[in-house]
$ cat work_1.cif   # mmCIF, C-alpha atoms
data_start
loop_
_atom_site.group_PDB
_atom_site.id
_atom_site.type_symbol
_atom_site.label_atom_id
_atom_site.label_comp_id
_atom_site.auth_asym_id
_atom_site.auth_seq_id
_atom_site.Cartn_x
_atom_site.Cartn_y
_atom_site.Cartn_z
ATOM 1 C CA MET A 94 100.023 94.798 71.827
ATOM 2 C CA GLU A 95 99.858 93.310 75.316
ATOM 3 C CA GLY A 96 96.471 94.899 75.882
ATOM 4 C CA HIS A 97 95.131 93.418 72.649
ATOM 5 C CA GLN A 98 96.433 89.993 73.637
ATOM 6 C CA ARG A 99 94.774 90.366 77.047
ATOM 7 C CA ASN A 100 91.460 91.307 75.411
ATOM 8 C CA ARG A 101 91.601 88.668 72.733
ATOM 9 C CA TYR A 102 88.950 86.503 74.399
ATOM 10 C CA LEU A 103 86.597 89.504 74.301
ATOM 11 C CA TYR A 104 87.354 90.175 70.630
ATOM 12 C CA ASP A 105 86.475 86.525 69.941
ATOM 13 C CA ARG A 106 83.153 86.934 71.725
ATOM 14 C CA LEU A 107 82.424 90.026 69.643
ATOM 15 C CA ASN A 108 83.379 88.216 66.439
ATOM 16 C CA ALA A 109 86.331 90.542 65.895
ATOM 17 C CA ARG A 110 89.887 89.686 64.887
ATOM 18 C CA VAL A 111 93.005 91.619 65.751
ATOM 19 C CA ALA A 112 96.190 92.008 63.709
ATOM 20 C CA GLY A 113 99.204 94.262 63.952
ATOM 21 C CA VAL A 114 101.299 95.904 61.252
ATOM 22 C CA SER A 115 104.950 96.830 61.610
ATOM 23 C CA ARG A 116 107.829 97.901 59.378
ATOM 24 C CA ASP A 117 110.110 95.307 60.984
ATOM 25 C CA GLN A 118 111.283 92.247 59.069
ATOM 26 C CA VAL A 119 109.523 88.906 59.483
ATOM 27 C CA ALA A 120 112.438 87.379 61.437
ATOM 28 C CA THR A 121 112.415 90.277 63.915
ATOM 29 C CA LEU A 122 108.658 90.076 64.374
ATOM 30 C CA LYS A 123 108.766 86.310 64.806
ATOM 31 C CA TYR A 124 111.313 86.632 67.615
ATOM 32 C CA TRP A 125 109.444 89.546 69.194
ATOM 33 C CA THR A 126 106.001 87.922 69.155
ATOM 34 C CA GLU A 127 107.420 84.729 70.669
ATOM 35 C CA GLU A 128 109.196 86.733 73.356
ATOM 36 C CA MET A 129 106.013 88.663 74.144
ATOM 37 C CA GLY A 130 103.781 85.592 73.918
ATOM 38 C CA LEU A 131 101.527 87.194 71.300
ATOM 39 C CA THR A 132 99.268 84.774 69.439
ATOM 40 C CA PHE A 133 97.629 87.066 66.872
ATOM 41 C CA PRO A 134 99.171 87.896 63.485
ATOM 42 C CA ILE A 135 101.625 90.751 63.091
ATOM 43 C CA PHE A 136 102.182 91.706 59.458
ATOM 44 C CA SER A 137 105.576 92.801 58.234
ATOM 45 C CA ASN A 138 105.373 95.780 55.887
ATOM 46 C CA PRO A 139 108.941 97.118 55.448
ATOM 47 C CA VAL A 140 107.981 99.152 52.362
ATOM 48 C CA GLY A 141 105.450 101.005 54.473
ATOM 49 C CA HIS A 142 102.484 101.408 52.118
ATOM 50 C CA LEU A 143 100.030 100.352 54.878
ATOM 51 C CA GLY A 144 101.434 103.089 57.085
ATOM 52 C CA ILE A 145 100.999 105.600 54.279
ATOM 53 C CA TRP A 146 97.370 104.506 53.745
ATOM 54 C CA PHE A 147 96.586 104.940 57.421
ATOM 55 C CA ASP A 148 98.634 108.127 57.767
ATOM 56 C CA THR A 149 101.020 106.737 60.363
ATOM 57 C CA LEU A 150 104.280 107.489 58.581
ATOM 58 C CA GLU A 151 105.740 110.744 59.794
ATOM 59 C CA GLU A 152 108.128 112.502 57.439
ATOM 60 C CA GLY A 153 111.752 111.893 58.374
ATOM 61 C CA TYR A 154 110.883 109.088 60.822
ATOM 62 C CA PRO A 155 111.263 105.508 59.603
ATOM 63 C CA MET A 156 108.786 103.763 61.930
ATOM 64 C CA PHE A 157 104.984 103.764 61.949
ATOM 65 C CA SER A 158 103.492 105.882 64.690
ATOM 66 C CA ARG A 159 100.957 103.971 66.759
ATOM 67 C CA LYS A 160 97.403 103.983 65.483
ATOM 68 C CA THR A 161 94.358 101.793 66.115
ATOM 69 C CA VAL A 162 92.020 101.175 63.179
ATOM 70 C CA VAL A 163 88.738 99.280 63.336
ATOM 71 C CA ILE A 164 87.460 97.997 60.005
ATOM 72 C CA ASP A 165 84.025 96.400 59.755
ATOM 73 C CA LYS A 166 83.269 93.237 57.807
ATOM 74 C CA TRP A 167 82.327 95.298 54.749
ATOM 75 C CA GLY A 168 85.751 96.934 54.701
ATOM 76 C CA VAL A 169 84.584 100.283 56.021
ATOM 77 C CA ILE A 170 86.895 102.056 58.464
ATOM 78 C CA ARG A 171 84.749 102.706 61.534
ATOM 79 C CA TYR A 172 87.394 104.009 63.934
ATOM 80 C CA MET A 173 90.868 105.459 63.723
ATOM 81 C CA GLN A 174 92.756 106.748 66.754
ATOM 82 C CA ALA A 175 96.411 107.715 67.146
ATOM 83 C CA GLY A 176 98.406 106.975 70.290
ATOM 84 C CA SER A 177 97.958 104.289 72.927
ATOM 85 C CA PRO A 178 94.813 102.240 72.364
ATOM 86 C CA ASP A 179 91.773 103.126 74.441
ATOM 87 C CA PHE A 180 90.504 99.602 75.061
ATOM 88 C CA GLN A 181 87.221 100.662 76.616
ATOM 89 C CA GLU A 182 86.427 102.764 73.561
ATOM 90 C CA ILE A 183 87.484 99.977 71.194
ATOM 91 C CA LEU A 184 85.464 97.290 72.998
ATOM 92 C CA THR A 185 82.393 99.508 73.206
ATOM 93 C CA LEU A 186 82.575 100.075 69.446
ATOM 94 C CA LEU A 187 83.145 96.385 68.726
ATOM 95 C CA LYS A 188 80.116 95.514 70.818
ATOM 96 C CA GLN A 189 78.058 98.068 68.916
ATOM 97 C CA LEU A 190 79.248 96.679 65.556
ATOM 98 C CA HIS A 191 78.512 93.147 66.704
ATOM 99 C CA GLU A 192 74.981 94.145 67.725
ATOM 100 C CA GLU A 193 74.471 95.886 64.369
ATOM 101 C CA GLU A 194 75.636 92.751 62.573
ATOM 102 C CA THR A 195 73.426 90.363 64.514
ATOM 103 C CA LYS A 196 70.363 92.578 63.911
ATOM 104 C CA ARG A 197 70.778 92.393 60.134
ATOM 105 C CA MET B 51 128.406 150.734 130.356
ATOM 106 C CA ASN B 52 131.137 149.796 127.958
ATOM 107 C CA PRO B 53 129.758 150.693 124.449
ATOM 108 C CA ALA B 54 130.976 147.377 123.014
ATOM 109 C CA LEU B 55 129.151 145.497 125.793
ATOM 110 C CA SER B 56 126.022 147.593 125.204
ATOM 111 C CA ARG B 57 126.055 146.644 121.475
ATOM 112 C CA ARG B 58 126.413 142.979 122.423
ATOM 113 C CA PHE B 59 123.341 143.136 124.691
ATOM 114 C CA THR B 60 121.338 144.910 121.971
ATOM 115 C CA PHE B 61 122.225 142.302 119.347
ATOM 116 C CA ARG B 62 121.588 139.246 121.528
ATOM 117 C CA PRO B 63 117.809 139.748 121.743
ATOM 118 C CA LEU B 64 117.756 140.628 118.051
ATOM 119 C CA ILE B 65 119.515 137.381 117.163
ATOM 120 C CA ALA B 66 117.176 135.464 119.465
ATOM 121 C CA VAL B 67 114.122 137.111 117.839
ATOM 122 C CA CYS B 68 115.460 136.306 114.388
ATOM 123 C CA ALA B 69 116.066 132.686 115.420
ATOM 124 C CA VAL B 70 112.506 132.427 116.781
ATOM 125 C CA LEU B 71 111.125 133.960 113.588
ATOM 126 C CA LEU B 72 113.126 131.505 111.476
ATOM 127 C CA ILE B 73 111.915 128.544 113.512
ATOM 128 C CA ALA B 74 108.360 129.896 113.479
ATOM 129 C CA ALA B 75 108.574 130.338 109.707
ATOM 130 C CA CYS B 76 109.546 126.678 109.351
ATOM 131 C CA ALA B 77 106.766 125.296 111.516
ATOM 132 C CA PRO B 78 103.736 126.436 109.493
ATOM 133 C CA ALA B 79 105.529 125.469 106.249
ATOM 134 C CA ALA B 80 105.849 121.893 107.506
ATOM 135 C CA ALA B 81 102.219 121.887 108.609
ATOM 136 C CA ARG B 82 101.083 123.157 105.203
ATOM 137 C CA VAL B 83 102.296 120.018 103.326
ATOM 138 C CA ALA B 84 99.291 119.042 101.249
ATOM 139 C CA ASP B 85 97.700 115.658 101.797
ATOM 140 C CA PRO B 86 97.196 114.347 98.246
ATOM 141 C CA LEU B 87 94.401 112.096 99.501
ATOM 142 C CA ALA B 88 92.606 114.828 101.471
ATOM 143 C CA ASN B 89 89.666 115.048 99.077
ATOM 144 C CA LEU B 90 89.356 111.286 98.942
ATOM 145 C CA ARG B 91 89.341 110.526 102.649
ATOM 146 C CA GLN B 92 86.099 109.333 104.188
ATOM 147 C CA ALA B 93 84.935 109.653 107.782
ATOM 148 C CA ASP B 94 85.900 106.037 108.505
ATOM 149 C CA GLY B 95 89.556 106.664 107.506
ATOM 150 C CA THR B 96 89.345 104.921 104.140
ATOM 151 C CA ALA B 97 89.900 106.650 100.805
ATOM 152 C CA VAL B 98 87.696 106.416 97.730
ATOM 153 C CA TRP B 99 89.620 106.463 94.445
ATOM 154 C CA GLN B 100 87.827 107.593 91.262
ATOM 155 C CA GLN B 101 84.545 106.113 92.568
ATOM 156 C CA GLU B 102 86.108 102.777 91.715
ATOM 157 C CA TYR B 103 88.042 101.505 94.758
ATOM 158 C CA ARG B 104 87.907 101.945 98.521
ATOM 159 C CA PHE B 105 90.988 101.256 100.647
ATOM 160 C CA GLU B 106 92.826 102.248 103.791
ATOM 161 C CA PRO B 107 95.853 104.306 102.677
ATOM 162 C CA PRO B 108 99.134 103.248 104.298
ATOM 163 C CA PRO B 109 100.300 105.698 106.989
ATOM 164 C CA ALA B 110 103.015 108.341 106.471
ATOM 165 C CA PRO B 111 105.808 108.252 105.403
ATOM 166 C CA TRP B 112 104.152 106.209 102.628
ATOM 167 C CA GLN B 113 103.323 108.609 99.839
ATOM 168 C CA LEU B 114 101.091 108.404 96.828
ATOM 169 C CA ILE B 115 103.003 107.917 93.576
ATOM 170 C CA ASP B 116 102.080 110.190 90.728
ATOM 171 C CA LEU B 117 101.514 107.689 87.931
ATOM 172 C CA ASP B 118 102.324 108.498 84.334
ATOM 173 C CA GLU B 119 102.108 104.977 82.994
ATOM 174 C CA ASP B 120 99.760 102.008 83.020
ATOM 175 C CA ASP B 121 101.804 99.605 85.125
ATOM 176 C CA TYR B 122 99.803 100.379 88.276
ATOM 177 C CA SER B 123 96.282 101.655 88.905
ATOM 178 C CA ILE B 124 97.248 103.091 92.277
ATOM 179 C CA ALA B 125 100.542 102.942 94.147
ATOM 180 C CA PHE B 126 102.316 104.161 97.274
ATOM 181 C CA MET B 127 106.028 104.432 97.923
ATOM 182 C CA LYS B 128 108.109 104.631 101.087
ATOM 183 C CA ILE B 129 111.711 105.790 101.016
ATOM 184 C CA CYS B 130 114.169 104.932 103.778
ATOM 185 C CA SER B 131 117.821 105.743 104.396
ATOM 186 C CA ASP B 132 119.371 102.352 105.164
ATOM 187 C CA GLY B 133 121.800 102.467 102.230
ATOM 188 C CA TYR B 134 120.813 102.652 98.567
ATOM 189 C CA PRO B 135 118.415 101.589 97.282
ATOM 190 C CA CYS B 136 116.045 101.664 100.248
ATOM 191 C CA GLN B 137 112.472 101.795 99.034
ATOM 192 C CA SER B 138 109.196 99.913 99.363
ATOM 193 C CA THR B 139 106.288 100.129 96.946
ATOM 194 C CA LEU B 140 102.770 98.790 97.304
ATOM 195 C CA ALA B 141 100.299 98.932 94.484
ATOM 196 C CA TYR B 142 97.091 97.704 92.940
ATOM 197 C CA ALA B 143 97.098 96.948 89.205
ATOM 198 C CA GLU B 144 93.937 96.494 87.192
ATOM 199 C CA GLU B 145 95.929 95.097 84.255
ATOM 200 C CA PRO B 146 98.941 93.178 85.596
ATOM 201 C CA PHE B 147 101.518 91.983 83.062
ATOM 202 C CA GLY B 148 100.556 88.856 81.146
ATOM 203 C CA TYR B 149 97.363 87.740 79.481
ATOM 204 C CA SER B 150 96.053 84.483 80.885
ATOM 205 C CA ARG B 151 93.001 84.339 83.128
ATOM 206 C CA ASP B 152 94.513 81.298 84.831
ATOM 207 C CA PHE B 153 96.528 82.334 87.890
ATOM 208 C CA GLU B 154 99.400 79.875 87.426
ATOM 209 C CA GLU B 155 99.909 80.768 83.779
ATOM 210 C CA ARG B 156 99.512 84.457 84.527
ATOM 211 C CA GLN B 157 102.235 84.528 87.183
ATOM 212 C CA ALA B 158 104.683 82.916 84.746
ATOM 213 C CA GLU B 159 103.822 85.529 82.091
ATOM 214 C CA PHE B 160 103.944 88.253 84.732
ATOM 215 C CA PHE B 161 107.491 87.608 85.901
ATOM 216 C CA ARG B 162 108.802 87.690 82.331
ATOM 217 C CA ARG B 163 107.892 91.384 82.216
ATOM 218 C CA PHE B 164 107.841 92.607 85.831
ATOM 219 C CA LEU B 165 110.802 94.912 86.642
ATOM 220 C CA TRP B 166 112.180 94.002 83.251
ATOM 221 C CA ALA B 167 113.864 97.398 82.839
ATOM 222 C CA SER B 168 115.676 96.925 86.170
ATOM 223 C CA ARG B 169 117.529 93.867 84.791
ATOM 224 C CA VAL B 170 116.533 91.767 87.774
ATOM 225 C CA ALA B 171 117.103 88.004 87.801
ATOM 226 C CA PHE B 172 114.280 86.448 89.836
ATOM 227 C CA GLU B 173 114.426 83.234 91.801
ATOM 228 C CA PRO B 174 111.558 80.862 90.899
ATOM 229 C CA PRO B 175 108.577 82.266 92.852
ATOM 230 C CA LYS B 176 107.085 80.380 95.782
ATOM 231 C CA LEU B 177 103.384 79.973 94.999
ATOM 232 C CA ARG B 178 100.551 79.539 97.473
ATOM 233 C CA LYS B 179 96.789 79.508 97.010
ATOM 234 C CA VAL B 180 95.240 82.245 99.163
ATOM 235 C CA LYS B 181 91.999 84.189 99.510
ATOM 236 C CA VAL B 182 92.168 87.708 98.110
ATOM 237 C CA LEU B 183 89.189 90.074 98.002
ATOM 238 C CA GLY B 184 87.134 87.222 99.428
ATOM 239 C CA GLN B 185 87.860 84.924 96.500
ATOM 240 C CA ASP B 186 90.442 82.378 95.444
ATOM 241 C CA GLY B 187 93.758 83.989 94.572
ATOM 242 C CA LEU B 188 97.432 83.175 94.196
ATOM 243 C CA GLU B 189 100.368 84.500 96.195
ATOM 244 C CA ALA B 190 103.775 84.584 94.518
ATOM 245 C CA ILE B 191 106.854 85.491 96.556
ATOM 246 C CA THR B 192 110.320 85.833 95.122
ATOM 247 C CA VAL B 193 113.597 87.706 95.452
ATOM 248 C CA GLY B 194 115.303 89.272 92.479
ATOM 249 C CA VAL B 195 118.918 90.379 92.244
ATOM 250 C CA GLU B 196 120.414 93.013 90.008
ATOM 251 C CA PRO B 197 123.919 91.499 89.683
ATOM 252 C CA VAL B 198 125.829 94.540 88.432
ATOM 253 C CA LEU B 199 124.700 97.138 90.948
ATOM 254 C CA ARG B 200 124.249 94.483 93.666
ATOM 255 C CA HIS B 201 120.708 95.542 94.490
ATOM 256 C CA LYS B 202 118.038 93.089 95.551
ATOM 257 C CA VAL B 203 114.278 93.267 95.551
ATOM 258 C CA TRP B 204 111.798 91.240 97.560
ATOM 259 C CA CYS B 205 108.460 90.836 95.773
ATOM 260 C CA LYS B 206 105.103 89.629 96.936
ATOM 261 C CA ILE B 207 102.433 89.565 94.262
ATOM 262 C CA LEU B 208 98.831 88.653 95.018
ATOM 263 C CA PHE B 209 96.836 87.657 91.970
ATOM 264 C CA ALA B 210 93.107 88.118 92.454
ATOM 265 C CA ARG B 211 89.983 88.218 90.351
ATOM 266 C CA ARG B 212 87.706 91.084 89.380
ATOM 267 C CA GLY B 213 84.895 89.537 87.430
ATOM 268 C CA GLU B 214 86.569 87.076 85.078
ATOM 269 C CA ARG B 215 89.782 89.119 84.711
ATOM 270 C CA VAL B 216 92.941 88.821 86.763
ATOM 271 C CA VAL B 217 94.039 91.818 88.831
ATOM 272 C CA ALA B 218 97.005 92.019 91.196
ATOM 273 C CA PHE B 219 98.432 93.658 94.282
ATOM 274 C CA TYR B 220 102.188 94.252 94.257
ATOM 275 C CA PHE B 221 104.627 94.716 97.087
ATOM 276 C CA THR B 222 108.297 95.301 96.363
ATOM 277 C CA GLN B 223 111.150 96.215 98.660
ATOM 278 C CA TRP B 224 114.537 97.294 97.300
ATOM 279 C CA ARG B 225 117.672 97.031 99.397
ATOM 280 C CA PRO B 226 121.447 96.768 98.855
ATOM 281 C CA GLU B 227 122.358 93.084 98.474
ATOM 282 C CA LYS B 228 124.073 92.919 101.889
ATOM 283 C CA ASN B 229 121.210 94.551 103.867
ATOM 284 C CA GLY B 230 118.160 92.878 105.365
ATOM 285 C CA PHE B 231 114.521 93.511 104.459
ATOM 286 C CA GLU B 232 112.047 95.400 106.651
ATOM 287 C CA PRO B 233 109.003 93.241 107.512
ATOM 288 C CA ALA B 234 106.941 96.158 108.881
ATOM 289 C CA ASP B 235 106.393 97.502 105.370
ATOM 290 C CA GLU B 236 104.889 94.203 104.298
ATOM 291 C CA ALA B 237 102.422 94.466 107.180
ATOM 292 C CA ASP B 238 101.283 97.839 105.757
ATOM 293 C CA PHE B 239 100.792 96.107 102.414
ATOM 294 C CA GLY B 240 98.697 93.416 104.115
ATOM 295 C CA ARG B 241 96.449 96.056 105.707
ATOM 296 C CA PHE B 242 96.087 97.839 102.356
ATOM 297 C CA VAL B 243 95.002 94.621 100.621
ATOM 298 C CA ALA B 244 92.668 93.600 103.450
ATOM 299 C CA SER B 245 90.926 96.995 103.334
ATOM 300 C CA PHE B 246 90.612 97.096 99.538
ATOM 301 C CA SER B 247 87.208 96.771 97.877
ATOM 302 C CA PHE B 248 85.541 97.614 94.583
ATOM 303 C CA LEU B 249 82.747 100.172 94.621
ATOM 304 C CA GLN B 250 81.200 99.164 91.326
ATOM 305 C CA PRO B 251 81.474 96.482 88.660
ATOM 306 C CA SER B 252 84.415 97.044 86.323
ATOM 307 C CA PHE B 253 84.030 98.172 82.696
ATOM 308 C CA TYR B 254 84.619 94.567 81.629
ATOM 309 C CA GLU B 255 81.906 93.282 83.954
ATOM 310 C CA ARG B 256 79.484 95.896 82.625
ATOM 311 C CA LEU B 257 80.389 95.337 78.970
ATOM 312 C CA PHE B 258 78.105 92.361 78.447
ATOM 313 C CA SER B 259 75.522 93.196 81.080
ATOM 314 C CA GLN B 260 74.417 96.604 79.793
ATOM 315 C CA SER B 261 73.054 97.911 76.532
ATOM 316 C CA THR B 262 75.812 99.517 74.495
ATOM 317 C CA PRO B 263 76.024 103.298 74.443
ATOM 318 C CA LYS B 264 76.665 104.655 70.952
ATOM 319 C CA ALA B 265 80.465 104.728 70.501
ATOM 320 C CA GLY B 266 81.791 108.259 70.793
ATOM 321 C CA THR B 267 79.003 109.414 73.126
ATOM 322 C CA PRO B 268 79.904 110.151 76.738
#
$ encode --input "work_1.cif" --output "C-alpha cells"
Amino acid sequence: MEGHQRNRYLYDRLNARVAGVSRDQVATLKYWTEEMGLTFPIFSNPVGHLGIWFDTLEEGYPMFSRKTVVIDKWGVIRYMQAGSPDFQEILTLLKQLHEEETKR
Amino acid sequence: MNPALSRRFTFRPLIAVCAVLLIAACAPAAARVADPLANLRQADGTAVWQQEYRFEPPPAPWQLIDLDEDDYSIAFMKICSDGYPCQSTLAYAEEPFGYSRDFEERQAEFFRRFLWASRVAFEPPKLRKVKVLGQDGLEAITVGVEPVLRHKVWCKILFARRGERVVAFYFTQWRPEKNGFEPADEADFGRFVASFSFLQPSFYERLFSQSTPKAGTP
C-alpha cells in the first residue's frame, strides 16, 4: 500500500486510480489508513465476495492473499499478479493503457 | 637412551609438525574468504552495483548485507564487541519510507515507520539543508532509545533526489544505553555517500521520456 501511495502522483498523470480491498471492518481500515497516511480508498469487504471473484481467498485462511489487478476503463481486467506488487510492471502497463486511450 | 626419553623425543617433533599443519591449514582458509563484491570492483577501487550505482565500498570489517526485503537497495553492516548491541549500518534506499516528494514532509513520514519493529522512541530530529549527490538535500539526525532493553541508536538520514523522487542514505549505530558512539563509522558513511553516483536514469526518470515497451515483453 505504501508503494501505491508513493506512486499516486504517477497514477494521476496516467489517468489511473488506485483502490484497495480488505476483509477488515471499516473502523479498522479507517484507523489503519490514518496511521499509514494513505489517501486513496480502501474498501471493506468482510463477506469476501471480491476476494472470491479475484481468486485471492485461500481455503481455510480468512484473509485475502495479496493480488494486484488492473482494470481498464471498459471494465476489462488487463493484469492480475499475486504477491508483492511489481511497480515497474504496473506503471509500464498503465502508461501503455493511457497511450492506447489517448490514441482512440 | 632411556626408552621413555626416546619416545618423548620422537613425539615432540610429531606434535610440532601437527601444530604447524594445523596452523597452516587455518591460514589458507582465512585467505579464501570470498569477497562478495569481487565481481563488482573496478580498477579505480569503486564498485558498480547492478549497472545502476557506483560507490566506494566501506573497508573491512564492513560487510555487505544480504537483503531479503525492500527497506534498503544496498547496505553494509559492521559488528563490534563493545557490549550488546554494537553494530553500525550504512545503506542507500531507492524507496525510503514515506510518500511525499517534499523533504520536510518526507522526513516526518519516514520517522513514523523507520525502525518501527525495534520499538524505538526517537527524539525530534535535527534538520539541516545540505548538498547530497550534488543537489539540495536534507540531513536529519536523531537518537532513538529502546526503553525496555535499554538500547540506543544514533541515526543520520540524508534525503536526496533522483529525478523528481526522494531517495535516502541511512546511517545507524546501535549501542547499549550507557556506552558512547563511535564517530569513525560515520566517517565511513560520509565517504560512501560522497563516492556514490548513478550510472543511468532511474526507471521513473525513463518512464515518461521513452516510448513504452509492450507490457509483458522483456
$ resolve_selection --input "work_1.cif" --expression "the PyMOL selection byres ((chain A) within 9 of (chain B))" --output "list of chain:residue names"
A:Glu95, A:Gly96, A:Gln98, A:Arg99, A:Asn100, A:Arg101, A:Met129, A:Gly130, A:Gln181, A:Glu182, A:Ile183, A:Leu184, A:Thr185, A:Leu186, A:Leu187, A:Lys188, A:Gln189, A:Glu192
$ write_last_selection --input "work_1.cif" --atoms "C-alpha atoms" --output "PDB file, in the coordinates of the input"
ATOM      1  CA  GLU A  95      99.858  93.310  75.316  1.00  0.00           C
ATOM      2  CA  GLY A  96      96.471  94.899  75.882  1.00  0.00           C
ATOM      3  CA  GLN A  98      96.433  89.993  73.637  1.00  0.00           C
ATOM      4  CA  ARG A  99      94.774  90.366  77.047  1.00  0.00           C
ATOM      5  CA  ASN A 100      91.460  91.307  75.411  1.00  0.00           C
ATOM      6  CA  ARG A 101      91.601  88.668  72.733  1.00  0.00           C
ATOM      7  CA  MET A 129     106.013  88.663  74.144  1.00  0.00           C
ATOM      8  CA  GLY A 130     103.781  85.592  73.918  1.00  0.00           C
ATOM      9  CA  GLN A 181      87.221 100.662  76.616  1.00  0.00           C
ATOM     10  CA  GLU A 182      86.427 102.764  73.561  1.00  0.00           C
ATOM     11  CA  ILE A 183      87.484  99.977  71.194  1.00  0.00           C
ATOM     12  CA  LEU A 184      85.464  97.290  72.998  1.00  0.00           C
ATOM     13  CA  THR A 185      82.393  99.508  73.206  1.00  0.00           C
ATOM     14  CA  LEU A 186      82.575 100.075  69.446  1.00  0.00           C
ATOM     15  CA  LEU A 187      83.145  96.385  68.726  1.00  0.00           C
ATOM     16  CA  LYS A 188      80.116  95.514  70.818  1.00  0.00           C
ATOM     17  CA  GLN A 189      78.058  98.068  68.916  1.00  0.00           C
ATOM     18  CA  GLU A 192      74.981  94.145  67.725  1.00  0.00           C
TER      19      GLU A 192
END
$ resolve_selection --input "work_1.cif" --expression "the PyMOL selection byres ((chain A and resi 172) around 8)" --output "PyMOL selection string"
chain A and resi 161-164+170-171+173-174
$ closest_residue --input "work_1.cif" --among "A:Met94, A:Gly141, A:Val169, A:Tyr102" --to "A:Arg116" --atoms "only C-alpha atoms"
A:Gly141
$ atom_distance --input "work_1.cif" --atom1 "atom CA of A:Phe147" --atom2 "atom CA of A:Val114"
10.9 Å
$ closest_residue --input "work_1.cif" --among "A:Glu127, A:Gly113, A:Leu122, A:Tyr104" --to "A:Phe157" --atoms "all atoms listed in the file"
A:Gly113
$ resolve_selection --input "work_1.cif" --expression "the PyMOL selection byres ((chain B and resi 176) around 7)" --output "PyMOL selection string"
chain B and resi 174-175+177-178+190-192
$ residues_around --input "work_1.cif" --residues "stretch 206-208 of chain B" --least-positions-apart "3" --cutoff "9 Å" --atoms "only C-alpha atoms" --output "list in words"
Gln157, Val180, Val182, Gly187, Leu188, Glu189, Ala190, Ile191, Thr192, Val193, Val217, Ala218, Phe219, Tyr220, Phe221, Thr222 and Glu236 of chain B
$ atom_distance --input "work_1.cif" --atom1 "atom CA of B:Leu90" --atom2 "atom CA of B:Phe105"
10.3 Å
$ atom_distance --input "work_1.cif" --atom1 "atom CA of A:Ile135" --atom2 "atom CA of A:Ser115"
7.1 Å
$ residues_around --input "work_1.cif" --residues "B:Asp85" --least-positions-apart "6" --cutoff "12 Å" --atoms "all atoms listed in the file" --output "ChimeraX atom specification"
/B:91,97,107,109-114
$ write_last_selection --input "work_1.cif" --atoms "C-alpha atoms" --output "mmCIF file, in the coordinates of the input"
data_model
loop_
_atom_site.group_PDB
_atom_site.id
_atom_site.type_symbol
_atom_site.label_atom_id
_atom_site.label_comp_id
_atom_site.auth_asym_id
_atom_site.auth_seq_id
_atom_site.Cartn_x
_atom_site.Cartn_y
_atom_site.Cartn_z
ATOM 1 C CA ARG B 91 89.341 110.526 102.649
ATOM 2 C CA ALA B 97 89.900 106.650 100.805
ATOM 3 C CA PRO B 107 95.853 104.306 102.677
ATOM 4 C CA PRO B 109 100.300 105.698 106.989
ATOM 5 C CA ALA B 110 103.015 108.341 106.471
ATOM 6 C CA PRO B 111 105.808 108.252 105.403
ATOM 7 C CA TRP B 112 104.152 106.209 102.628
ATOM 8 C CA GLN B 113 103.323 108.609 99.839
ATOM 9 C CA LEU B 114 101.091 108.404 96.828
#
$ closest_residue --input "work_1.cif" --among "B:Ala210, B:Ser138, B:Lys128, B:Cys205" --to "B:Glu154" --atoms "only C-alpha atoms"
B:Ala210
$ build_atoms --input "work_1.cif" --residues "stretch 152-163 of chain B" --atoms "N, CA and C atoms" --output "tab-separated table (two decimals), keeping the file's coordinate frame"
chain	number	residue	atom	x	y	z
B	152	ASP	N	94.16	82.36	83.89
B	152	ASP	CA	94.51	81.30	84.83
B	152	ASP	C	95.68	81.82	85.69
B	153	PHE	N	95.53	81.73	87.00
B	153	PHE	CA	96.53	82.33	87.89
B	153	PHE	C	97.94	81.79	87.66
B	154	GLU	N	98.06	80.48	87.54
B	154	GLU	CA	99.40	79.88	87.43
B	154	GLU	C	100.09	80.32	86.13
B	155	GLU	N	99.33	80.32	85.05
B	155	GLU	CA	99.91	80.77	83.78
B	155	GLU	C	100.23	82.25	83.83
B	156	ARG	N	99.33	83.00	84.48
B	156	ARG	CA	99.51	84.46	84.53
B	156	ARG	C	100.77	84.84	85.29
B	157	GLN	N	101.04	84.15	86.41
B	157	GLN	CA	102.24	84.53	87.18
B	157	GLN	C	103.51	84.27	86.37
B	158	ALA	N	103.49	83.19	85.57
B	158	ALA	CA	104.68	82.92	84.75
B	158	ALA	C	104.86	84.02	83.70
B	159	GLU	N	103.75	84.43	83.08
B	159	GLU	CA	103.82	85.53	82.09
B	159	GLU	C	104.24	86.83	82.78
B	160	PHE	N	103.70	87.02	83.97
B	160	PHE	CA	103.94	88.25	84.73
B	160	PHE	C	105.44	88.46	85.00
B	161	PHE	N	106.09	87.43	85.50
B	161	PHE	CA	107.49	87.61	85.90
B	161	PHE	C	108.46	87.71	84.71
B	162	ARG	N	107.95	87.44	83.51
B	162	ARG	CA	108.80	87.69	82.33
B	162	ARG	C	108.89	89.18	82.04
B	163	ARG	N	107.92	89.95	82.53
B	163	ARG	CA	107.89	91.38	82.22
B	163	ARG	C	108.12	92.28	83.44
